$ cat data30.cif   # mmCIF, C-alpha atoms
data_run
#
loop_
_atom_site.label_atom_id
_atom_site.label_comp_id
_atom_site.auth_asym_id
_atom_site.auth_seq_id
_atom_site.Cartn_x
_atom_site.Cartn_y
_atom_site.Cartn_z
CA MET A 243 -1.43 21.23 21.04
CA ALA A 244 -1.98 18.17 23.23
CA GLU A 245 1.00 15.86 23.57
CA ARG A 246 0.61 12.57 21.73
CA LYS A 247 0.37 9.30 23.63
CA PRO A 248 3.35 6.88 23.52
CA ILE A 249 3.60 4.80 20.35
CA GLU A 250 2.23 1.30 20.92
CA SER A 251 2.01 0.08 17.32
CA TRP A 252 3.88 0.72 14.08
CA LEU A 253 3.02 0.78 10.40
CA THR A 254 5.86 1.12 7.91
CA ASP A 255 6.14 1.32 4.17
CA MET A 256 8.33 -1.27 2.47
CA ASP A 257 10.07 0.17 -0.60
CA GLY A 258 12.26 3.14 0.25
CA VAL A 259 12.03 2.48 3.99
CA LEU A 260 13.06 -1.14 4.63
CA MET A 261 14.61 -1.77 1.23
CA HIS A 262 15.71 0.16 -1.84
CA GLU A 263 15.91 -1.52 -5.26
CA GLY A 264 16.03 -4.94 -3.64
CA VAL A 265 18.74 -4.07 -1.09
CA PRO A 266 17.91 -3.68 2.62
CA VAL A 267 18.33 -0.20 4.04
CA PRO A 268 21.03 -0.20 6.77
CA GLY A 269 19.30 -0.58 10.12
CA ALA A 270 16.11 -2.11 8.71
CA ASP A 271 16.96 -5.58 10.05
CA ALA A 272 17.66 -4.17 13.52
CA PHE A 273 14.41 -2.19 13.47
CA ILE A 274 12.33 -5.26 12.55
CA LYS A 275 14.18 -7.34 15.16
CA ARG A 276 13.45 -4.72 17.84
CA LEU A 277 9.78 -4.63 16.83
CA ARG A 278 9.43 -8.40 17.05
CA GLU A 279 11.19 -8.54 20.42
CA SER A 280 9.02 -5.73 21.81
CA GLY A 281 5.79 -7.58 21.18
CA LYS A 282 4.21 -4.39 19.82
CA PRO A 283 1.83 -4.95 16.90
CA PHE A 284 3.16 -3.82 13.54
CA LEU A 285 2.46 -4.01 9.83
CA VAL A 286 4.64 -3.60 6.76
CA LEU A 287 2.60 -1.87 4.06
CA THR A 288 2.92 -1.72 0.30
CA ASN A 289 0.77 -0.20 -2.44
CA ASN A 290 2.08 -2.88 -4.79
CA SER A 291 -0.68 -5.44 -5.39
CA ILE A 292 1.35 -7.95 -7.43
CA TYR A 293 2.47 -10.23 -4.60
CA THR A 294 0.69 -12.11 -1.82
CA PRO A 295 1.91 -11.60 1.77
CA ARG A 296 3.57 -15.03 1.62
CA ASP A 297 5.42 -14.00 -1.57
CA LEU A 298 6.60 -10.79 0.07
CA HIS A 299 7.62 -12.64 3.24
CA ALA A 300 9.87 -14.86 1.11
CA ARG A 301 11.32 -11.90 -0.82
CA LEU A 302 12.10 -10.01 2.40
CA ASN A 303 13.53 -13.12 4.04
CA ARG A 304 15.99 -13.53 1.15
CA ILE A 305 17.52 -10.15 1.93
CA GLY A 306 17.68 -10.75 5.66
CA LEU A 307 14.46 -9.09 6.83
CA GLU A 308 12.39 -11.41 9.01
CA VAL A 309 8.82 -10.17 8.60
CA PRO A 310 6.00 -12.67 9.31
CA TRP A 311 3.56 -12.89 6.42
CA GLU A 312 0.75 -12.03 8.84
CA SER A 313 2.46 -8.66 9.39
CA ILE A 314 2.31 -7.64 5.72
CA TRP A 315 -0.60 -5.52 4.47
CA THR A 316 -0.96 -4.81 0.74
CA SER A 317 -3.26 -2.63 -1.31
CA ALA A 318 -4.71 -5.88 -2.71
CA LEU A 319 -5.73 -7.01 0.79
CA ALA A 320 -7.16 -3.56 1.55
CA THR A 321 -9.10 -3.63 -1.72
CA ALA A 322 -10.52 -7.06 -0.93
CA GLN A 323 -11.53 -5.87 2.55
CA PHE A 324 -13.23 -2.83 1.04
CA LEU A 325 -15.19 -4.91 -1.48
CA ASP A 326 -16.18 -7.43 1.18
CA ASP A 327 -17.53 -4.58 3.31
CA GLN A 328 -19.34 -2.96 0.38
CA ARG A 329 -20.77 -5.95 -1.48
CA PRO A 330 -20.08 -9.34 0.14
CA GLY A 331 -19.96 -12.29 -2.26
CA GLY A 332 -19.80 -10.09 -5.33
CA THR A 333 -18.22 -10.51 -8.74
CA ALA A 334 -15.31 -8.74 -10.38
CA TYR A 335 -13.37 -8.54 -13.61
CA VAL A 336 -9.76 -8.25 -12.49
CA ILE A 337 -6.64 -6.95 -14.18
CA GLY A 338 -3.76 -7.89 -11.91
CA GLU A 339 -1.52 -10.60 -10.52
CA ALA A 340 -1.77 -13.31 -7.86
CA GLY A 341 -1.63 -10.84 -4.98
CA LEU A 342 -4.95 -9.35 -6.08
CA THR A 343 -6.73 -12.41 -7.43
CA THR A 344 -5.84 -14.45 -4.33
CA ALA A 345 -7.11 -11.72 -2.00
CA LEU A 346 -10.42 -11.59 -3.87
CA HIS A 347 -10.79 -15.36 -3.97
CA ASP A 348 -10.16 -15.47 -0.22
CA ILE A 349 -13.17 -13.20 0.49
CA GLY A 350 -15.41 -15.35 -1.72
CA TYR A 351 -15.50 -13.17 -4.82
CA VAL A 352 -16.18 -14.73 -8.22
CA LEU A 353 -13.87 -13.48 -10.97
CA THR A 354 -15.74 -13.13 -14.24
CA ASP A 355 -16.05 -11.03 -17.37
CA HIS A 356 -19.84 -11.52 -17.52
CA SER A 357 -21.67 -8.50 -16.08
CA PRO A 358 -19.38 -8.14 -13.03
CA ASP A 359 -20.24 -5.88 -10.12
CA TYR A 360 -16.77 -4.33 -10.32
CA VAL A 361 -13.82 -3.86 -12.61
CA VAL A 362 -10.79 -4.05 -10.32
CA LEU A 363 -7.49 -2.73 -11.64
CA GLY A 364 -4.23 -3.66 -9.96
CA GLU A 365 -0.53 -3.87 -10.75
CA THR A 366 0.86 -6.16 -13.43
CA ARG A 367 3.92 -6.20 -15.63
CA THR A 368 1.83 -7.46 -18.58
CA TYR A 369 -1.03 -5.02 -19.16
CA SER A 370 -2.72 -6.20 -22.36
CA PHE A 371 -4.72 -4.22 -24.89
CA GLU A 372 -7.40 -6.91 -24.87
CA ALA A 373 -7.82 -6.79 -21.08
CA LEU A 374 -7.98 -2.99 -21.02
CA THR A 375 -10.54 -2.99 -23.85
CA LYS A 376 -12.67 -5.49 -21.92
CA ALA A 377 -12.43 -3.34 -18.78
CA ILE A 378 -13.49 -0.22 -20.67
CA ARG A 379 -16.51 -1.96 -22.18
CA LEU A 380 -17.60 -3.46 -18.85
CA ILE A 381 -17.37 -0.06 -17.13
CA ASN A 382 -19.38 1.49 -19.97
CA GLU A 383 -21.98 -1.23 -19.36
CA GLY A 384 -22.27 -0.31 -15.67
CA ALA A 385 -19.52 -2.09 -13.72
CA ARG A 386 -18.12 0.00 -10.86
CA PHE A 387 -14.46 0.96 -11.27
CA ILE A 388 -12.01 0.21 -8.43
CA ALA A 389 -8.21 0.53 -8.47
CA THR A 390 -5.83 -0.82 -5.85
CA ASN A 391 -3.64 2.29 -5.71
CA PRO A 392 -2.96 5.60 -7.48
CA ASP A 393 0.81 5.22 -8.00
CA GLU A 394 1.53 6.44 -11.52
CA THR A 395 4.93 4.80 -11.88
CA GLY A 396 6.90 2.02 -10.26
CA PRO A 397 10.66 1.51 -9.98
CA SER A 398 12.83 -0.89 -11.94
CA PRO A 399 16.59 -1.16 -12.55
CA GLN A 400 15.99 0.19 -16.07
CA GLY A 401 13.90 3.16 -14.90
CA ALA A 402 10.27 4.03 -14.29
CA LEU A 403 7.47 1.62 -15.21
CA PRO A 404 3.83 2.59 -15.80
CA ALA A 405 1.82 1.60 -12.74
CA THR A 406 -1.83 1.35 -11.70
CA GLY A 407 -2.49 5.09 -11.60
CA SER A 408 -1.30 5.63 -15.17
CA VAL A 409 -3.36 2.73 -16.52
CA ALA A 410 -6.39 3.90 -14.53
CA ALA A 411 -6.04 7.30 -16.20
CA LEU A 412 -6.17 5.61 -19.62
CA ILE A 413 -9.40 3.81 -18.67
CA THR A 414 -10.87 7.01 -17.22
CA LYS A 415 -10.07 8.88 -20.43
CA ALA A 416 -11.86 6.19 -22.45
CA THR A 417 -14.92 5.90 -20.18
CA GLY A 418 -15.28 9.21 -18.39
CA ILE A 419 -15.38 7.23 -15.11
CA ALA A 420 -12.76 7.76 -12.42
CA PRO A 421 -11.93 4.82 -10.12
CA TYR A 422 -12.11 4.65 -6.37
CA PHE A 423 -8.50 4.18 -5.23
CA VAL A 424 -8.21 2.04 -2.08
CA GLY A 425 -4.45 2.20 -1.42
CA LYS A 426 -2.37 5.02 0.03
CA PRO A 427 -2.93 7.93 0.39
CA ASN A 428 -6.49 6.80 1.09
CA PRO A 429 -6.59 6.59 4.92
CA LEU A 430 -8.97 3.65 4.51
CA MET A 431 -5.97 1.37 3.86
CA MET A 432 -4.39 2.56 7.11
CA ARG A 433 -7.58 2.20 9.14
CA HIS A 434 -8.15 -1.33 7.86
CA GLY A 435 -4.53 -2.14 8.71
CA LEU A 436 -4.92 -0.78 12.23
CA ASN A 437 -8.04 -2.90 12.68
CA VAL A 438 -6.13 -5.99 11.54
CA ILE A 439 -3.61 -5.61 14.37
CA GLY A 440 -6.11 -4.26 16.91
CA ALA A 441 -4.39 -0.88 17.12
CA HIS A 442 -5.68 2.67 17.56
CA SER A 443 -4.53 5.65 15.53
CA GLU A 444 -3.78 7.84 18.55
CA THR A 445 -1.07 5.41 19.71
CA ALA A 446 0.17 4.38 16.24
CA ALA A 447 2.92 5.67 13.97
CA MET A 448 3.45 5.51 10.21
CA ILE A 449 6.92 5.44 8.64
CA GLY A 450 7.26 6.28 4.95
CA ASP A 451 9.48 7.75 2.28
CA ARG A 452 6.80 9.66 0.35
CA MET A 453 5.02 12.80 1.44
CA ASP A 454 2.14 12.39 -1.02
CA THR A 455 1.20 8.84 -0.01
CA ASP A 456 2.75 7.58 3.24
CA VAL A 457 2.80 10.80 5.27
CA LEU A 458 -0.54 12.03 3.91
CA ALA A 459 -2.27 8.72 4.60
CA GLY A 460 -0.83 8.52 8.11
CA LEU A 461 -1.78 12.12 8.82
CA GLU A 462 -5.36 11.65 7.60
CA ALA A 463 -5.69 8.44 9.61
CA GLY A 464 -4.69 10.34 12.76
CA MET A 465 -1.30 8.72 13.29
CA GLU A 466 2.10 10.11 14.18
CA THR A 467 4.18 10.24 10.99
CA PHE A 468 7.88 9.76 10.30
CA LEU A 469 9.47 10.59 6.95
CA VAL A 470 12.72 8.81 6.07
CA LEU A 471 15.07 10.17 3.43
CA THR A 472 16.15 6.80 2.00
CA GLY A 473 13.48 6.74 -0.69
CA LEU A 474 11.82 9.13 -3.12
CA THR A 475 11.44 12.36 -1.12
CA ARG A 476 14.37 14.78 -1.04
CA PRO A 477 14.80 17.22 1.87
CA ASP A 478 14.11 20.24 -0.35
CA GLU A 479 10.75 18.80 -1.42
CA ILE A 480 9.25 18.61 2.07
CA GLU A 481 8.39 22.32 2.33
CA ARG A 482 6.51 22.26 -0.98
CA HIS A 483 3.67 20.36 0.67
CA PRO A 484 0.97 22.07 2.75
CA PHE A 485 1.38 19.44 5.48
CA ARG A 486 4.35 18.13 7.41
CA PRO A 487 5.37 14.82 9.01
CA SER A 488 5.69 14.69 12.75
CA ARG A 489 9.42 14.14 12.29
CA VAL A 490 11.98 13.77 9.50
CA VAL A 491 14.88 11.33 9.95
CA ASP A 492 17.71 10.15 7.74
CA SER A 493 16.67 6.50 7.84
CA ILE A 494 14.75 3.88 9.77
CA ALA A 495 17.92 3.25 11.78
CA ASP A 496 17.17 6.51 13.60
CA LEU A 497 13.88 5.11 14.90
CA ILE A 498 15.15 1.89 16.52
CA ASP A 499 15.38 3.44 19.98
CA LEU A 500 11.75 4.61 19.81
CA VAL A 501 10.42 1.05 19.70
#

$ encode --input "data30.cif" --output "structure tokens"
Amino acid sequence: MAERKPIESWLTDMDGVLMHEGVPVPGADAFIKRLRESGKPFLVLTNNSIYTPRDLHARLNRIGLEVPWESIWTSALATAQFLDDQRPGGTAYVIGEAGLTTALHDIGYVLTDHSPDYVVLGETRTYSFEALTKAIRLINEGARFIATNPDETGPSPQGALPATGSVAALITKATGIAPYFVGKPNPLMMRHGLNVIGAHSETAAMIGDRMDTDVLAGLEAGMETFLVLTGLTRPDEIERHPFRPSRVVDSIADLIDLV
């Protein structure tokens, strides 16, 4: 196997890598500081489509993580980029929050429930029966079905919450139409992110806490992959997968010296 080239750019997941349940992971601040001082391009990624990059910048800043909003890449932004590439100036019926609606507005999409080109499903804490019924009927009438990410559940202090993947499954059951998922583990999200920072996969690395999304997406995008054990994946679960990360570390603190 040919030796990989030195890492010149970094992509890292947010939840489970930089923070866990709203608390920064020890070493995350030092890692971000080292990245910023190095001048190497980097992106912080999240499959969560609720918040805009400016929202996330403020949330991270409150817990001591200085990440410029321009260095945050969400599944909402990736979805907007995908739609802009596929059908510029199109229309969409959207179920989601400001992170998604703002991203679509910014590419010139019109949000409507009248014969839209797409039904776009994202994350929200207030999924309504009326909105889901409308989405089902529009898909049955011919709208194309897009979802920001396949995550089935999301975390909360009280326990798991239903997320985009679970709600997408409900719509699929009612329509017989499966969505196209843009977010991780789709390598499209990673490739778009690399393009945003002008990076190339052969000199880029992906840091994540999940084998089935972060590591898989990084692997399929051709990047070096690092799995941290501060999130959802336990050490005994790694061998259950038919693929492996390039390296497993306890936390992002172990990667500071690689920047």

$ closest_residue --input "data30.cif" --among "A:Thr414, A:Thr445, A:Thr344, A:Ser398" --to "Leu253 in chain A" --atoms "all atoms listed in the file"
A:Thr445

$ closest_residue --input "data30.cif" --among "A:Arg276, A:Asp492, A:Pro283, A:Ser291" --to "His442 in chain A" --atoms "all atoms listed in the file"
A:Pro283

$ residues_near_point --input "data30.cif" --point "(-17.0, -5.5, -10.5)" --cutoff "9 Å" --atoms "all atoms listed in the file" --output "ChimeraX atom specification"
/A:332-336,353-355,357-362,380-381,385-388

$ atom_distance --input "data30.cif" --atom1 "CA of Ile274 in chain A" --atom2 "CA of Glu462 in chain A"
25.0 Å

$ closest_residue --input "data30.cif" --among "A:Pro392, A:Gly350, A:Pro404, A:Pro477" --to "Tyr369 in chain A" --atoms "all atoms listed in the file"
A:Pro404

$ residues_near_point --input "data30.cif" --point "(1.2, -5.1, 6.2)" --cutoff "6 Å" --atoms "all atoms listed in the file" --output "PyMOL selection string"
chain A and resi 285-287+313-316

$ closest_residue --input "data30.cif" --among "A:Asn382, A:Thr288, A:Asn303, A:Thr368" --to "Thr455 in chain A" --atoms "all atoms listed in the file"
A:Thr288

$ closest_residue --input "data30.cif" --among "A:Val309, A:Glu245, A:Arg304, A:Pro429" --to "Ser488 in chain A" --atoms "all atoms listed in the file"
A:Glu245

$ atom_distance --input "data30.cif" --atom1 "CA of Ala411 in chain A" --atom2 "CA of Phe371 in chain A"
14.5 Å

$ residues_around --input "data30.cif" --residues "Ser280 in chain A" --least-positions-apart "3" --cutoff "12 Å" --atoms "all atoms listed in the file" --output "PyMOL selection string"
chain A and resi 249-252+273-277+283-284+498-501

$ write_last_selection --input "data30.cif" --atoms "C-alpha atoms" --output "mmCIF file, in the coordinates of the input"
data_model
loop_
_atom_site.group_PDB
_atom_site.id
_atom_site.type_symbol
_atom_site.label_atom_id
_atom_site.label_comp_id
_atom_site.auth_asym_id
_atom_site.auth_seq_id
_atom_site.Cartn_x
_atom_site.Cartn_y
_atom_site.Cartn_z
ATOM 1 C CA ILE A 249 3.600 4.800 20.350
ATOM 2 C CA GLU A 250 2.230 1.300 20.920
ATOM 3 C CA SER A 251 2.010 0.080 17.320
ATOM 4 C CA TRP A 252 3.880 0.720 14.080
ATOM 5 C CA PHE A 273 14.410 -2.190 13.470
ATOM 6 C CA ILE A 274 12.330 -5.260 12.550
ATOM 7 C CA LYS A 275 14.180 -7.340 15.160
ATOM 8 C CA ARG A 276 13.450 -4.720 17.840
ATOM 9 C CA LEU A 277 9.780 -4.630 16.830
ATOM 10 C CA PRO A 283 1.830 -4.950 16.900
ATOM 11 C CA PHE A 284 3.160 -3.820 13.540
ATOM 12 C CA ILE A 498 15.150 1.890 16.520
ATOM 13 C CA ASP A 499 15.380 3.440 19.980
ATOM 14 C CA LEU A 500 11.750 4.610 19.810
ATOM 15 C CA VAL A 501 10.420 1.050 19.700
#

$ resolve_selection --input "data30.cif" --expression "the PyMOL selection byres ((chain A and resi 408) around 12)" --output "NGL selection string"
:A and (363-365 or 369 or 389 or 391-396 or 402-407 or 409-415 or 420-421)

$ residues_around --input "data30.cif" --residues "Ile480 in chain A" --least-positions-apart "5" --cutoff "12 Å" --atoms "only C-alpha atoms" --output "ChimeraX atom specification"
/A:451-454,457-458,469-471,474-475,485-490

$ closest_residue --input "data30.cif" --among "A:Val491, A:Ala441, A:Glu479, A:Asp496" --to "Met465 in chain A" --atoms "all atoms listed in the file"
A:Ala441

$ axis_aligned_box --input "data30.cif" --around "range 367-379 of chain A" --padding-each-side "5 Å" --output "JSON"
{"center_x": -6.3, "center_y": -3.8, "center_z": -20.3, "size_x": 30.4, "size_y": 17.2, "size_z": 19.3}

$ atom_distance --input "data30.cif" --atom1 "CA of Ala373 in chain A" --atom2 "CA of Ala416 in chain A"
13.7 Å

$ resolve_selection --input "data30.cif" --expression "the PyMOL selection byres ((chain A and resi 262-268) around 8)" --output "PDB file with C-alpha atoms, keeping the file's coordinate frame"
ATOM      1  CA  ASP A 257      10.070   0.170  -0.600  1.00  0.00           C
ATOM      2  CA  GLY A 258      12.260   3.140   0.250  1.00  0.00           C
ATOM      3  CA  VAL A 259      12.030   2.480   3.990  1.00  0.00           C
ATOM      4  CA  LEU A 260      13.060  -1.140   4.630  1.00  0.00           C
ATOM      5  CA  MET A 261      14.610  -1.770   1.230  1.00  0.00           C
ATOM      6  CA  GLY A 269      19.300  -0.580  10.120  1.00  0.00           C
ATOM      7  CA  ALA A 270      16.110  -2.110   8.710  1.00  0.00           C
ATOM      8  CA  ASP A 271      16.960  -5.580  10.050  1.00  0.00           C
ATOM      9  CA  ILE A 305      17.520 -10.150   1.930  1.00  0.00           C
ATOM     10  CA  GLY A 306      17.680 -10.750   5.660  1.00  0.00           C
ATOM     11  CA  LEU A 307      14.460  -9.090   6.830  1.00  0.00           C
ATOM     12  CA  PRO A 397      10.660   1.510  -9.980  1.00  0.00           C
ATOM     13  CA  SER A 398      12.830  -0.890 -11.940  1.00  0.00           C
ATOM     14  CA  PRO A 399      16.590  -1.160 -12.550  1.00  0.00           C
ATOM     15  CA  THR A 472      16.150   6.800   2.000  1.00  0.00           C
ATOM     16  CA  GLY A 473      13.480   6.740  -0.690  1.00  0.00           C
ATOM     17  CA  SER A 493      16.670   6.500   7.840  1.00  0.00           C
ATOM     18  CA  ILE A 494      14.750   3.880   9.770  1.00  0.00           C
ATOM     19  CA  ALA A 495      17.920   3.250  11.780  1.00  0.00           C
TER      20      ALA A 495
END
